[in-house]
Amino acid sequence: MGVDLAVTLGSVRLNNPVMLASGCCGYGMDMEPHLDLNRLGGVCLKGLSMAGSEGNKPPRIWETQGGMLNAIGLQNIGVSRFLAEKAPKLRTYGTAFVANFYGHTVDQYMEAARALGEEPALAALEMNISCPNIQEGGIQFGTDPASVYKVTKACRGATKKPLWVKLSPNAADVAATAKAAQDAGADALTCINTMPAMAIDVERREFRISNKVGGLSGPALKPIAVRIVYQVAKAVTIPVVGIGGVATAADALEFILAGAKAVQVGTALFVDPQCPYAILRGIEDYCARHGFPSVESLVGQVKDGAPMPKCHE
Amino acid sequence: MGVDLAVTLGSVRLNNPVMLASGCCGYGMDMEPHLDLNRLGGVCLKGLSMAGSEGNKPPRIWETQGGMLNAIGLQNIGVSRFLAEKAPKLRTYGTAFVANFYGHTVDQYMEAARALGEEPALAALEMNISCPNIQEGGIQFGTDPASVYKVTKACRGATKKPLWVKLSPNAADVAATAKAAQDAGADALTCINTMPAMAIDVERREFRISNKVGGLSGPALKPIAVRIVYQVAKAVTIPVVGIGGVATAADALEFILAGAKAVQVGTALFVDPQCPYAILRGIEDYCARHGFPSVESLVGQVKDGAPMPKCHE
Amino acid sequence: MGVRPYTVLHNERRGPYCTLTVGGEVEPSEPGQFYMVRGDWGADPLLPRPLSILGEDPAAGTLSFLLKVVGRGSSLLFELEPGHKVTALGPLGRPFPMPPAPGGPPVALVGGGVGVPPLVFLARRLAAERIPYAFLQGARTKDDLLLVEDLAALGTPPLCTTEDGSAGAKGLVTAPLAVALDAGLGAVYACGPEGMLKAVAGMCAGRVPSHLSLEARMGCGYGVCLGCVVPISRGGARVYERVCQEGPVFDGEAVLWE
Amino acid sequence: MGVRPYTVLHNERRGPYCTLTVGGEVEPSEPGQFYMVRGDWGADPLLPRPLSILGEDPAAGTLSFLLKVVGRGSSLLFELEPGHKVTALGPLGRPFPMPPAPGGPPVALVGGGVGVPPLVFLARRLAAERIPYAFLQGARTKDDLLLVEDLAALGTPPLCTTEDGSAGAKGLVTAPLAVALDAGLGAVYACGPEGMLKAVAGMCAGRVPSHLSLEARMGCGYGVCLGCVVPISRGGARVYERVCQEGPVFDGEAVLWE
Ligand SMILES: Cc1cc2nc3c(=O)[nH]c(=O)nc-3n(C[C@H](O)[C@H](O)[C@H](O)COP(=O)(O)OP(=O)(O)OC[C@H]3O[C@@H](n4cnc5c(N)ncnc54)[C@H](O)[C@@H]3O)c2cc1C
Ligand SMILES: Cc1cc2nc3c(=O)[nH]c(=O)nc-3n(C[C@H](O)[C@H](O)[C@H](O)COP(=O)(O)OP(=O)(O)OC[C@H]3O[C@@H](n4cnc5c(N)ncnc54)[C@H](O)[C@@H]3O)c2cc1C
Ligand SMILES: Cc1cc2nc3c(=O)[nH]c(=O)nc-3n(C[C@H](O)[C@H](O)[C@H](O)COP(=O)(O)O)c2cc1C
Ligand SMILES: Cc1cc2nc3c(=O)[nH]c(=O)nc-3n(C[C@H](O)[C@H](O)[C@H](O)COP(=O)(O)O)c2cc1C
Ligand code: FES
Ligand code: FES
C-alpha cells in the first residue's frame, strides 16, 4: 500500500508506531513465544530500579468493569542483573527497546539512568515518575511540576540516551508536569500511567488486592488518556507517546489523531498477545483508505475548531 | 428483617443511604413516572447557577467502554426559576432534596447558596466545585485546596443549610482538598464528580462531543471513586457520600465499607431508572445476612490492616 | 413505569436490517414513540438503544421494531434469537400528532432507512381511521427499501425512489414530495436522515405543517440527562429541547438546522 | 503461539459444573497445563479465564475443560452452546512431572472440586503408561464429586470422601491419603482448595514428593504481568514465582503458605 509507517521521536526512529507497554511484556523476550518483536515499533521493558524489588504480596490484580487493577509493586530483578542477564540478548533484535526505570529518591533515579544509559541494546530510557518520593513524604514525583523538573533534570545530566518521561494521570494539571519535563530536557513524554484505584470484596470485607490500591488500566482508562494526550500535545513541542486502553487500530488512531506519535499497548496484550499485529494492519489500512501517505502525516489531525473549553457536565 | 437503614449526615437524616446523583434525575419530579422518590434516601437535583445556562452545543454524550462521557454544559433554568417553578412541588415529598449548585466566581457561588438556602424544600446544598474559576484563569476550583477553602468558606457564611462539597477526582491530592473543605465548614463531602475525558471519531477525525472534553461516569469510574472515598474518609471527620459507577447493591456496599455513609446513583439510572430499589433491597439483605443491625454500623468496615502504601504497579 | 423484561419471539433478518418482535407486558403507544432497548449482555455496551415502535399489540403483549446494524449495540440486537431476553423502557416521547378526522386533504408520510418504521406504524393507524395518505419512501438502492409489502397490504403501496434507480423512480424522495405538495396536502410526516428532514422542512415551510421525527444520541431516554437536545425555535427564542421528551417529533418550522 | 479460535462442540451441564468441549487447532499438551479461555462477549469481562486441560486430542482437534460457575466469566462459559465461538491461548504452564516408568511404588492423585480435571487428564496418561495410581477425591456432598464414571472407566475407580457423608466415606480426603502414605507411595499429585493442598503438603513433607497445582488470579497467563505470583522457597530464599510460568505445578515442600 506504500504507507510510511515509521515515526521519529526526537533521535529515536521507530519502524512503526506500535510499541509494547512497560510491565505488560516482561523483559521483551518473554513475549517471544507469542509475538515477533521485530515486527513492532518498540518494546518498553518492565520498570527497573537499582536495588530491584520483590514486589507486593499477592493478590496483585483484580478485574473491574472495562479494566483491571494491578499492584505488582514494580517487581524487578534490578538494573545490574538486567544488564548482565537480559540486555545482551536484546542486542540481537531489530526493534527499539526502551528501558523503563524508577527510584524513590532523585539519586536512585540518577543512578539507574546512568547505568542503563551505557547499554547499547537500549534505544531510549523511560522514567516512571508515578512513584512515591520517600524524601518528600511519599508524595508521588509525578504529581508536582517542581519534582518532575528536578528528577528529569537530574537524569538528563546522567545519561546521553534519549530520555522519555512517563506522566502520571493523577496530576491536577498534567500540562504543567508535561512542560516541567520538557523544560528539564525530556526528549519525549509517555501519557499515561495507571490511575490509583481500589476494589473491595464486600462479602469478606477485604480489599481485592493486598496493597489496597492498584493502578487502573485497560479500556476504562482510554478516554482519560486520550484527553491527556491531547492536552499535553498542545502544551509541549516534544513528541508524545499515547497509552491507556489501546486494544484496536481505532483506539491507536484516536491517540494519534489527538497528537501522539506512537502508542503503547499494555493490558490488551493479556487478552491477545498478538493484538499489536492487528493494530498495525488497521493503522496501515486507515492511512491508505484516507489518503495519508504516512503515519507522521496523521499525528494530531483531529479537526480542532475552538480551543478546548474547561467546563464539562 | 429489622435492619435500620437510616443514616445521619451531620444534621441531615436520610431514610436510607441511596440517593440519586445530580444531573441524572433532572429536578426530581422528572423521575416520577419511573420511580417513587419517597422510597429513596435523597435526591440531588441538577446543578443550578444564578444565571442558568443553556448548556453546550450537541452532541453532548458519548458512550465508552464501561462508561460514558457527558458535556451537558450544566444546562439549567437558573436559581430563581427553580425556586419559583420547581421547589414548591418538592415540598410535598417525604425525601431529602439536595440542591446542587455552581458558579464561575466565588460571588456567584455565594449568591446561589444564599438564594437556595432560603428554600424549605431543600435538606442541604451540594457545591459542585469541578467548574472553571474564571477569575483565576479558568483553573478548576476543585483541584486547588486554597480555592476549595475560599469558595467553601464563602458559601458557609451565606447559608445556614447543611453544606456538602462535591469533590473533583482531578485533584492531585484529593485528601488535601477534602480537608480544605472540612476546615472551611463543609458538613459533608460528596466523592466524586466525573473525570475529564475525550473520545474521537477516527473515521471523521472529529471529537465525539462538541465540547471536546466530557466527564467520564459509570462503572469504569468506580474503582477510582472507591479509592478516593477511602482516602477522604480517612482524612476527614465529616461524613462522606460515595458516588461513581454505583449500579448494584454490591457497588453501593463497596463505597459504604470504604467509608461512605450514603451513595448516589447516576449513570446507572439511564440503564434502569428503578435500580435504586434493587440497590436498597440488596443493602438491607446484606446487613441481615452479615448480622449488621444498621447501615451506620457498616460504614468503613473494610478490614484495614496496614496503612495504605503509596506505590502501585 | 420502569424497565420491563421481554422475550424475543422472532427476529427476521434481511441484509443489515432485522425485524425484532418481543413479547411481554406492553402499554398502549402511539406512532412516533420509542423504547430504550437492551439485551442482557453486561456492561458492553452499557446504555440501552432507542428504537422506534414499528408495531404493538398490547392485548397480545407484543412489540416490534425494525433496526439496522450500525455498531455494537445494534449488532447484538440483530443477533438475538427467539427465547433470548431483552429489557425495554417505554413507550417514550411525544408521538406524531394525528391529523384531524377524515375528510380533509391527504397527508404524506416521507421516510428513509430506519426512519421508515415509525411511519409504518402511523400508516397503520391512518388506514384504520380511513385517513388518506401517500407513503413516500426514499432509499439508496432497492435493498434499502423497507416494509414495502406491509405497506401495500394496508391498501396504499408506497411510492419509492432509489438513488441508483434499482427500484422505483431514480432520484430523491423530495421529487415525488414536490408533486404531492403541489397537489395539496394536509400535513407531512417525516423520519429519516437529517439531510432528508431538512429538505422536507424547507419544502413544507409556509405551506403545510411538517412533523419531523429527529434522532439524537441518548443517555436516559426519559428526560433527565439532557444529553439528547436539539436547538429549537420557541416563541422567537433559540432553546435546547430534548428529543426524548419534547420530541422525537418536532414541528419542522421550529427545528433549527445548525 | 497466539490466541486461537475454537468452536464449541458440546457443553454438558450438571448442577453448577459443565464439561466444555471445543474444536480447532490443538497443540499437544501435558496434564497440569492450562489454557486462557474467552468467549466473544466484548469487554465484560475483559480478561480470559484460566482453565486446566481436562482432555485433548490434537489429532482430532478437540480440547475439553470442566468448569464451575463462580462469577460472570465462568457463567458465560457455562452458557455456551454448540456452534458458539471461543478463543484460547495455550497450552500454558509447567505440567505435573510424570513419575518414572512403571515398576516403582504407586502414586496418589488427590483432588477436590475443580482441582479434579487436571488429575483426570493425568490419570488417563498414567493408565496409558500402566503406572499404578490411587485417585482420592474429596467433596462437600455427592453432587460435587466429579467425573467418577470417567475415572472408573480408566480401570481405577476413585476413592471418594464427602464432608456430609452423602457418598463415599464421610470426612476429608486426607484420611484415605494418610492410609495410602502409610502403605507406601512414590509421589502425590494434588489439585484443589488451598486448605487441602496445604494439608497434603504437610502430610507428604519429608516422606514423599508432592506436586501441587496452585491457583492464582491471572492477568496474562503467559508470564509477563507478574500478577499471579506465589511465595516459594528456592535455595533457602523466599521468592515470588509465577503460577502461570514456573507453575501451576509446584513442589509441595517449596510452597510457602502465608
Ligand atoms: C428516537 C429514536 C428512534 C430510533 N429508532 C430507530 C429504529 O427504529 N431503528 C433503527 O435501526 N435505529 C433507530 N434509531 C437509531 C438507533 O438508536 C442507533 O442506530 C443505535 O443506537 C446505534 O447503536 P450502536 O451501538 O449499534 O452504534 P454505536 O455506534 O456503538 O453507538 C454508540 C452510541 O451512539 C448512539 N447512537 C449512534 N447512532 C445513533 C443514532 N443514529 N441515533 C441515536 N443514537 C445513536 C448510541 O445510542 C450509543 O450511545 C433511533 C434513534 C432515536 C434517537
Ligand atoms: C491454573 C488454573 C487452572 C484453573 N482451572 C480451572 C478449571 O479447570 N475449572 C474451573 O472451574 N476453574 C479453574 N480455575 C479457576 C477459574 O479460573 C476461576 O474460577 C475463574 O477465573 C473465575 O472467573 P469468574 O469470572 O467466573 O469469577 P470472577 O469472580 O468474576 O473472577 C474475577 C477475577 O478473579 C479471577 N479469579 C476468580 N477466582 C479465581 C480462582 N479461583 N483462580 C484464579 N482466578 C480466579 C478471575 O480470573 C477474574 O480475573 C483455574 C485457575 C487457575 C489459575
Ligand atoms: C500488570 C501491569 C504492570 C505494569 N508495570 C509498569 C511498570 O513497571 N512501569 C510503568 O511505567 N508502567 C507500568 N504499567 C503501566 C502500563 O505501562 C500502562 O501505562 C498502563 O497499564 C495503561 O495502559 P494499558 O491500558 O494499555 O494497560 C503496568 C501496567 C500493568 C497492567
Ligand atoms: C449526564 C450527567 C449530568 C451530570 N450533571 C451534573 C451536575 O449538574 N452537577 C454535578 O455535580 N454533577 C453532575 N454529574 C455528575 C454525577 O452527579 C456523578 O458525580 C457522576 O456521574 C459519577 O456518578 P455515576 O457514575 O453514578 O454517574 C452529571 C453526570 C452525568 C452523567
Ligand atoms: S436522553 Fe436523557 S434527556 Fe433525552
Ligand atoms: S498471569 Fe501474568 S505473569 Fe502469570
# chains A, B, ... in the order shown; residues from 1 in each chain; ligands from 1
$ residues_near_ligand --ligand "ligand 1" --cutoff "6 Å" --atoms "only C-alpha atoms and all ligand atoms" --output "ChimeraX atom specification"
/B:62-63 /C:34,49-52,65-75,114,117,215-218,248
$ select_by_dssp --residues "segment 152-185 of chain C" --states "strand (DSSP E)" --output "VMD selection string"
chain C and resid 159 to 162 169 to 170
$ select_by_dssp --residues "segment 34-238 of chain C" --states "alpha helix (DSSP H)" --output "JSON, numbers by chain"
{"C": [72, 73, 74, 75, 76, 77, 78, 116, 117, 118, 119, 120, 121, 122, 123, 124, 125, 126, 127, 128, 148, 149, 150, 151, 152, 153, 174, 175, 176, 177, 178, 179, 180, 181, 182, 183, 194, 195, 196, 197, 198, 199, 200, 201, 202, 203, 204]}
$ residues_near_ligand --ligand "ligand 3" --cutoff "7 Å" --atoms "only C-alpha atoms and all ligand atoms" --output "mmCIF file with all heavy atoms, in the first residue's frame"
data_model
loop_
_atom_site.group_PDB
_atom_site.id
_atom_site.type_symbol
_atom_site.label_atom_id
_atom_site.label_comp_id
_atom_site.auth_asym_id
_atom_site.auth_seq_id
_atom_site.Cartn_x
_atom_site.Cartn_y
_atom_site.Cartn_z
ATOM 1 N N ALA A 21 3.818 -1.869 26.098
ATOM 2 C CA ALA A 21 3.896 -1.018 27.291
ATOM 3 C C ALA A 21 4.694 -1.695 28.396
ATOM 4 O O ALA A 21 4.665 -2.924 28.553
ATOM 5 C CB ALA A 21 2.492 -0.706 27.797
ATOM 6 N N SER A 22 5.350 -0.868 29.179
ATOM 7 C CA SER A 22 6.131 -1.367 30.302
ATOM 8 C C SER A 22 5.247 -2.132 31.290
ATOM 9 O O SER A 22 4.140 -1.709 31.616
ATOM 10 C CB SER A 22 6.781 -0.186 31.020
ATOM 11 O OG SER A 22 7.471 -0.644 32.154
ATOM 12 N N GLY A 23 5.762 -3.234 31.763
ATOM 13 C CA GLY A 23 5.058 -4.028 32.769
ATOM 14 C C GLY A 23 4.099 -5.027 32.159
ATOM 15 O O GLY A 23 3.508 -5.831 32.876
ATOM 16 N N CYS A 24 3.935 -4.972 30.843
ATOM 17 C CA CYS A 24 2.954 -5.839 30.190
ATOM 18 C C CYS A 24 3.627 -6.767 29.174
ATOM 19 O O CYS A 24 2.953 -7.457 28.420
ATOM 20 C CB CYS A 24 1.880 -4.997 29.512
ATOM 21 S SG CYS A 24 1.055 -3.881 30.682
ATOM 22 N N LYS A 46 9.895 -3.951 31.527
ATOM 23 C CA LYS A 46 9.384 -3.835 32.893
ATOM 24 C C LYS A 46 10.231 -2.841 33.680
ATOM 25 O O LYS A 46 11.463 -2.845 33.582
ATOM 26 C CB LYS A 46 9.421 -5.219 33.569
ATOM 27 C CG LYS A 46 8.975 -5.229 35.040
ATOM 28 C CD LYS A 46 7.502 -4.922 35.208
ATOM 29 C CE LYS A 46 7.119 -4.611 36.655
ATOM 30 N NZ LYS A 46 5.742 -4.084 36.753
ATOM 31 N N GLY A 47 9.563 -2.014 34.496
ATOM 32 C CA GLY A 47 10.248 -0.979 35.269
ATOM 33 C C GLY A 47 11.386 -1.532 36.123
ATOM 34 O O GLY A 47 11.193 -2.491 36.869
ATOM 35 N N ASN A 70 -3.863 -3.304 39.038
ATOM 36 C CA ASN A 70 -2.690 -4.084 39.389
ATOM 37 C C ASN A 70 -1.887 -3.364 40.448
ATOM 38 O O ASN A 70 -1.825 -2.134 40.478
ATOM 39 C CB ASN A 70 -1.824 -4.399 38.163
ATOM 40 C CG ASN A 70 -0.819 -3.314 37.867
ATOM 41 O OD1 ASN A 70 0.237 -3.243 38.494
ATOM 42 N ND2 ASN A 70 -1.154 -2.444 36.924
ATOM 43 N N ILE A 72 1.507 -4.705 41.285
ATOM 44 C CA ILE A 72 2.627 -5.653 41.191
ATOM 45 C C ILE A 72 3.711 -5.228 42.182
ATOM 46 O O ILE A 72 4.439 -6.073 42.712
ATOM 47 C CB ILE A 72 3.193 -5.671 39.747
ATOM 48 C CG1 ILE A 72 2.093 -5.967 38.724
ATOM 49 C CG2 ILE A 72 4.351 -6.661 39.625
ATOM 50 C CD1 ILE A 72 1.353 -7.260 38.892
ATOM 51 N N LEU A 74 6.091 -3.190 41.295
ATOM 52 C CA LEU A 74 7.296 -2.983 40.476
ATOM 53 C C LEU A 74 8.359 -4.059 40.691
ATOM 54 O O LEU A 74 9.551 -3.779 40.732
ATOM 55 C CB LEU A 74 7.853 -1.570 40.729
ATOM 56 C CG LEU A 74 6.959 -0.460 40.146
ATOM 57 C CD1 LEU A 74 7.292 0.896 40.750
ATOM 58 C CD2 LEU A 74 7.084 -0.391 38.628
ATOM 59 N N ASN A 100 12.341 1.087 30.993
ATOM 60 C CA ASN A 100 11.535 1.856 31.943
ATOM 61 C C ASN A 100 12.241 1.756 33.294
ATOM 62 O O ASN A 100 12.698 0.684 33.680
ATOM 63 C CB ASN A 100 10.135 1.220 31.971
ATOM 64 C CG ASN A 100 9.156 1.935 32.871
ATOM 65 O OD1 ASN A 100 9.199 1.781 34.083
ATOM 66 N ND2 ASN A 100 8.248 2.696 32.284
ATOM 67 N N ASN A 128 9.626 6.307 34.908
ATOM 68 C CA ASN A 128 8.311 6.168 35.536
ATOM 69 C C ASN A 128 8.303 7.061 36.767
ATOM 70 O O ASN A 128 8.983 6.773 37.758
ATOM 71 C CB ASN A 128 8.098 4.697 35.918
ATOM 72 C CG ASN A 128 6.822 4.475 36.692
ATOM 73 O OD1 ASN A 128 6.093 5.427 36.989
ATOM 74 N ND2 ASN A 128 6.539 3.234 37.030
ATOM 75 N N LYS A 166 7.389 9.363 31.625
ATOM 76 C CA LYS A 166 6.036 8.782 31.599
ATOM 77 C C LYS A 166 5.190 9.468 32.655
ATOM 78 O O LYS A 166 5.406 9.304 33.857
ATOM 79 C CB LYS A 166 6.123 7.286 31.864
ATOM 80 C CG LYS A 166 4.786 6.583 31.737
ATOM 81 C CD LYS A 166 4.984 5.100 31.592
ATOM 82 C CE LYS A 166 3.676 4.342 31.543
ATOM 83 N NZ LYS A 166 3.919 2.899 31.456
ATOM 84 N N ILE A 192 -0.395 7.646 29.288
ATOM 85 C CA ILE A 192 -0.272 7.896 30.708
ATOM 86 C C ILE A 192 0.005 6.590 31.449
ATOM 87 O O ILE A 192 -0.177 5.500 30.899
ATOM 88 C CB ILE A 192 -1.580 8.493 31.298
ATOM 89 C CG1 ILE A 192 -2.750 7.581 30.999
ATOM 90 C CG2 ILE A 192 -1.824 9.888 30.848
ATOM 91 C CD1 ILE A 192 -4.067 7.975 31.618
ATOM 92 N N ASN A 193 0.396 6.745 32.690
ATOM 93 C CA ASN A 193 0.463 5.608 33.590
ATOM 94 C C ASN A 193 -0.946 5.327 34.132
ATOM 95 O O ASN A 193 -1.893 6.011 33.768
ATOM 96 C CB ASN A 193 1.426 5.924 34.735
ATOM 97 C CG ASN A 193 2.229 4.688 35.113
ATOM 98 O OD1 ASN A 193 1.652 3.621 35.278
ATOM 99 N ND2 ASN A 193 3.524 4.823 35.252
ATOM 100 N N THR A 194 -1.067 4.323 34.982
ATOM 101 C CA THR A 194 -2.379 3.936 35.515
ATOM 102 C C THR A 194 -2.896 4.959 36.531
ATOM 103 O O THR A 194 -2.142 5.746 37.079
ATOM 104 C CB THR A 194 -2.257 2.574 36.215
ATOM 105 O OG1 THR A 194 -1.247 2.675 37.228
ATOM 106 C CG2 THR A 194 -1.880 1.485 35.236
ATOM 107 N N SER A 217 -5.982 0.129 34.625
ATOM 108 C CA SER A 217 -5.547 0.150 33.226
ATOM 109 C C SER A 217 -6.647 -0.450 32.366
ATOM 110 O O SER A 217 -7.650 -0.932 32.880
ATOM 111 C CB SER A 217 -4.255 -0.660 33.070
ATOM 112 O OG SER A 217 -4.497 -2.029 33.333
ATOM 113 N N GLY A 218 -6.436 -0.409 31.072
ATOM 114 C CA GLY A 218 -7.403 -1.027 30.162
ATOM 115 C C GLY A 218 -8.375 -0.027 29.551
ATOM 116 O O GLY A 218 -8.257 1.182 29.767
ATOM 117 N N PRO A 219 -9.361 -0.540 28.780
ATOM 118 C CA PRO A 219 -10.281 0.328 28.033
ATOM 119 C C PRO A 219 -10.981 1.389 28.889
ATOM 120 O O PRO A 219 -11.261 2.486 28.397
ATOM 121 C CB PRO A 219 -11.322 -0.647 27.475
ATOM 122 C CG PRO A 219 -10.644 -1.972 27.440
ATOM 123 C CD PRO A 219 -9.614 -1.968 28.525
ATOM 124 N N LEU A 221 -9.822 3.238 31.000
ATOM 125 C CA LEU A 221 -8.927 4.384 31.158
ATOM 126 C C LEU A 221 -8.799 5.199 29.872
ATOM 127 O O LEU A 221 -8.358 6.355 29.904
ATOM 128 C CB LEU A 221 -7.548 3.823 31.530
ATOM 129 C CG LEU A 221 -6.482 4.731 32.101
ATOM 130 C CD1 LEU A 221 -6.935 5.296 33.428
ATOM 131 C CD2 LEU A 221 -5.168 3.961 32.292
ATOM 132 N N LYS A 222 -9.165 4.606 28.750
ATOM 133 C CA LYS A 222 -8.815 5.206 27.463
ATOM 134 C C LYS A 222 -9.286 6.651 27.290
ATOM 135 O O LYS A 222 -8.484 7.510 26.897
ATOM 136 C CB LYS A 222 -9.329 4.345 26.304
ATOM 137 C CG LYS A 222 -8.749 4.770 24.966
ATOM 138 C CD LYS A 222 -9.360 4.022 23.795
ATOM 139 C CE LYS A 222 -10.808 4.418 23.598
ATOM 140 N NZ LYS A 222 -11.399 3.868 22.373
ATOM 141 N N ILE A 243 -0.830 6.116 25.560
ATOM 142 C CA ILE A 243 -1.011 4.802 26.170
ATOM 143 C C ILE A 243 -2.158 4.839 27.156
ATOM 144 O O ILE A 243 -2.344 5.803 27.878
ATOM 145 C CB ILE A 243 0.307 4.334 26.846
ATOM 146 C CG1 ILE A 243 0.093 3.093 27.699
ATOM 147 C CG2 ILE A 243 0.909 5.427 27.706
ATOM 148 C CD1 ILE A 243 1.381 2.446 28.146
ATOM 149 N N GLY A 244 -2.922 3.763 27.163
ATOM 150 C CA GLY A 244 -4.074 3.642 28.049
ATOM 151 C C GLY A 244 -5.242 3.029 27.311
ATOM 152 O O GLY A 244 -5.972 3.721 26.615
ATOM 153 N N GLY A 245 -5.403 1.724 27.426
ATOM 154 C CA GLY A 245 -6.575 1.082 26.845
ATOM 155 C C GLY A 245 -6.511 0.824 25.360
ATOM 156 O O GLY A 245 -7.527 0.487 24.751
ATOM 157 N N VAL A 246 -5.346 0.943 24.760
ATOM 158 C CA VAL A 246 -5.267 0.665 23.320
ATOM 159 C C VAL A 246 -5.424 -0.839 23.085
ATOM 160 O O VAL A 246 -4.653 -1.634 23.610
ATOM 161 C CB VAL A 246 -3.930 1.133 22.717
ATOM 162 C CG1 VAL A 246 -3.830 0.718 21.252
ATOM 163 C CG2 VAL A 246 -3.775 2.639 22.857
ATOM 164 N N GLN A 264 1.461 2.808 22.932
ATOM 165 C CA GLN A 264 1.911 1.599 23.620
ATOM 166 C C GLN A 264 0.697 0.766 23.989
ATOM 167 O O GLN A 264 -0.345 1.299 24.371
ATOM 168 C CB GLN A 264 2.715 1.960 24.870
ATOM 169 C CG GLN A 264 4.022 2.677 24.551
ATOM 170 C CD GLN A 264 4.809 3.051 25.804
ATOM 171 O OE1 GLN A 264 4.421 2.718 26.920
ATOM 172 N NE2 GLN A 264 5.905 3.753 25.604
ATOM 173 N N VAL A 265 0.864 -0.531 23.890
ATOM 174 C CA VAL A 265 -0.215 -1.468 24.176
ATOM 175 C C VAL A 265 0.133 -2.239 25.438
ATOM 176 O O VAL A 265 1.186 -2.870 25.497
ATOM 177 C CB VAL A 265 -0.401 -2.456 23.008
ATOM 178 C CG1 VAL A 265 -1.577 -3.394 23.273
ATOM 179 C CG2 VAL A 265 -0.592 -1.706 21.706
ATOM 180 N N GLY A 266 -0.733 -2.165 26.439
ATOM 181 C CA GLY A 266 -0.457 -2.846 27.696
ATOM 182 C C GLY A 266 -1.454 -3.958 27.965
ATOM 183 O O GLY A 266 -1.333 -5.073 27.436
ATOM 184 N N THR A 267 -2.486 -3.639 28.735
ATOM 185 C CA THR A 267 -3.472 -4.619 29.175
ATOM 186 C C THR A 267 -4.027 -5.476 28.034
ATOM 187 O O THR A 267 -4.302 -6.667 28.219
ATOM 188 C CB THR A 267 -4.615 -3.881 29.898
ATOM 189 O OG1 THR A 267 -4.037 -3.151 30.994
ATOM 190 C CG2 THR A 267 -5.652 -4.838 30.434
ATOM 191 N N ALA A 268 -4.188 -4.893 26.855
ATOM 192 C CA ALA A 268 -4.763 -5.642 25.731
ATOM 193 C C ALA A 268 -3.912 -6.860 25.374
ATOM 194 O O ALA A 268 -4.427 -7.819 24.794
ATOM 195 C CB ALA A 268 -4.937 -4.734 24.517
ATOM 196 N N GLU B 313 1.573 -0.732 40.945
ATOM 197 C CA GLU B 313 2.140 -1.320 39.732
ATOM 198 C C GLU B 313 3.169 -2.402 40.032
ATOM 199 O O GLU B 313 4.160 -2.169 40.683
ATOM 200 C CB GLU B 313 2.801 -0.290 38.823
ATOM 201 C CG GLU B 313 1.965 -0.081 37.609
ATOM 202 C CD GLU B 313 1.912 1.370 37.234
ATOM 203 O OE1 GLU B 313 2.934 2.031 37.346
ATOM 204 O OE2 GLU B 313 0.827 1.832 36.871
ATOM 205 N N CYS D 225 2.926 -10.370 33.200
ATOM 206 C CA CYS D 225 2.336 -9.316 34.033
ATOM 207 C C CYS D 225 2.764 -9.406 35.492
ATOM 208 O O CYS D 225 2.609 -8.451 36.240
ATOM 209 C CB CYS D 225 0.810 -9.312 33.908
ATOM 210 S SG CYS D 225 -0.037 -10.631 34.815
ATOM 211 N N LEU D 226 3.259 -10.533 35.925
ATOM 212 C CA LEU D 226 3.661 -10.767 37.317
ATOM 213 C C LEU D 226 2.481 -10.644 38.279
ATOM 214 O O LEU D 226 2.657 -10.299 39.449
ATOM 215 C CB LEU D 226 4.797 -9.816 37.727
ATOM 216 C CG LEU D 226 6.030 -9.814 36.798
ATOM 217 C CD1 LEU D 226 7.073 -8.837 37.307
ATOM 218 C CD2 LEU D 226 6.624 -11.203 36.708
ATOM 219 N N GLY D 227 1.300 -10.903 37.771
ATOM 220 C CA GLY D 227 0.108 -10.776 38.598
ATOM 221 C C GLY D 227 -0.192 -12.015 39.431
ATOM 222 O O GLY D 227 -0.911 -11.932 40.424
#
$ interface_residues --of "chain A" --to "chain C" --cutoff "12 Å" --atoms "only C-alpha atoms" --output "mmCIF file with all heavy atoms, in the first residue's frame"
data_model
loop_
_atom_site.group_PDB
_atom_site.id
_atom_site.type_symbol
_atom_site.label_atom_id
_atom_site.label_comp_id
_atom_site.auth_asym_id
_atom_site.auth_seq_id
_atom_site.Cartn_x
_atom_site.Cartn_y
_atom_site.Cartn_z
ATOM 1 N N THR A 64 -11.879 -5.070 36.858
ATOM 2 C CA THR A 64 -13.018 -4.180 37.082
ATOM 3 C C THR A 64 -13.733 -3.986 35.759
ATOM 4 O O THR A 64 -13.288 -4.487 34.738
ATOM 5 C CB THR A 64 -12.544 -2.821 37.630
ATOM 6 O OG1 THR A 64 -11.715 -2.189 36.647
ATOM 7 C CG2 THR A 64 -11.756 -2.988 38.915
ATOM 8 N N GLN A 65 -14.856 -3.273 35.765
ATOM 9 C CA GLN A 65 -15.596 -3.170 34.510
ATOM 10 C C GLN A 65 -14.835 -2.350 33.484
ATOM 11 O O GLN A 65 -14.572 -1.168 33.679
ATOM 12 C CB GLN A 65 -17.015 -2.657 34.747
ATOM 13 C CG GLN A 65 -17.971 -3.846 34.823
ATOM 14 C CD GLN A 65 -19.398 -3.468 35.090
ATOM 15 O OE1 GLN A 65 -19.790 -2.319 34.958
ATOM 16 N NE2 GLN A 65 -20.199 -4.443 35.465
ATOM 17 N N GLY A 66 -14.465 -3.006 32.395
ATOM 18 C CA GLY A 66 -13.708 -2.349 31.340
ATOM 19 C C GLY A 66 -12.244 -2.156 31.649
ATOM 20 O O GLY A 66 -11.542 -1.491 30.895
ATOM 21 N N GLY A 67 -11.770 -2.728 32.735
ATOM 22 C CA GLY A 67 -10.363 -2.532 33.075
ATOM 23 C C GLY A 67 -9.879 -3.505 34.123
ATOM 24 O O GLY A 67 -10.538 -4.494 34.436
ATOM 25 N N PRO A 219 -9.361 -0.540 28.780
ATOM 26 C CA PRO A 219 -10.281 0.328 28.033
ATOM 27 C C PRO A 219 -10.981 1.389 28.889
ATOM 28 O O PRO A 219 -11.261 2.486 28.397
ATOM 29 C CB PRO A 219 -11.322 -0.647 27.475
ATOM 30 C CG PRO A 219 -10.644 -1.972 27.440
ATOM 31 C CD PRO A 219 -9.614 -1.968 28.525
ATOM 32 N N ALA A 220 -11.251 1.078 30.149
ATOM 33 C CA ALA A 220 -11.918 2.042 31.030
ATOM 34 C C ALA A 220 -11.142 3.349 31.099
ATOM 35 O O ALA A 220 -11.704 4.430 31.243
ATOM 36 C CB ALA A 220 -12.078 1.452 32.438
ATOM 37 N N GLU A 313 -19.907 18.561 31.837
ATOM 38 C CA GLU A 313 -21.131 18.156 32.510
ATOM 39 C C GLU A 313 -22.369 18.961 32.094
ATOM 40 O O GLU A 313 -22.418 20.158 32.216
ATOM 41 C CB GLU A 313 -21.051 18.254 34.025
ATOM 42 C CG GLU A 313 -21.028 16.892 34.614
ATOM 43 C CD GLU A 313 -20.081 16.858 35.787
ATOM 44 O OE1 GLU A 313 -20.058 17.834 36.522
ATOM 45 O OE2 GLU A 313 -19.342 15.876 35.902
#
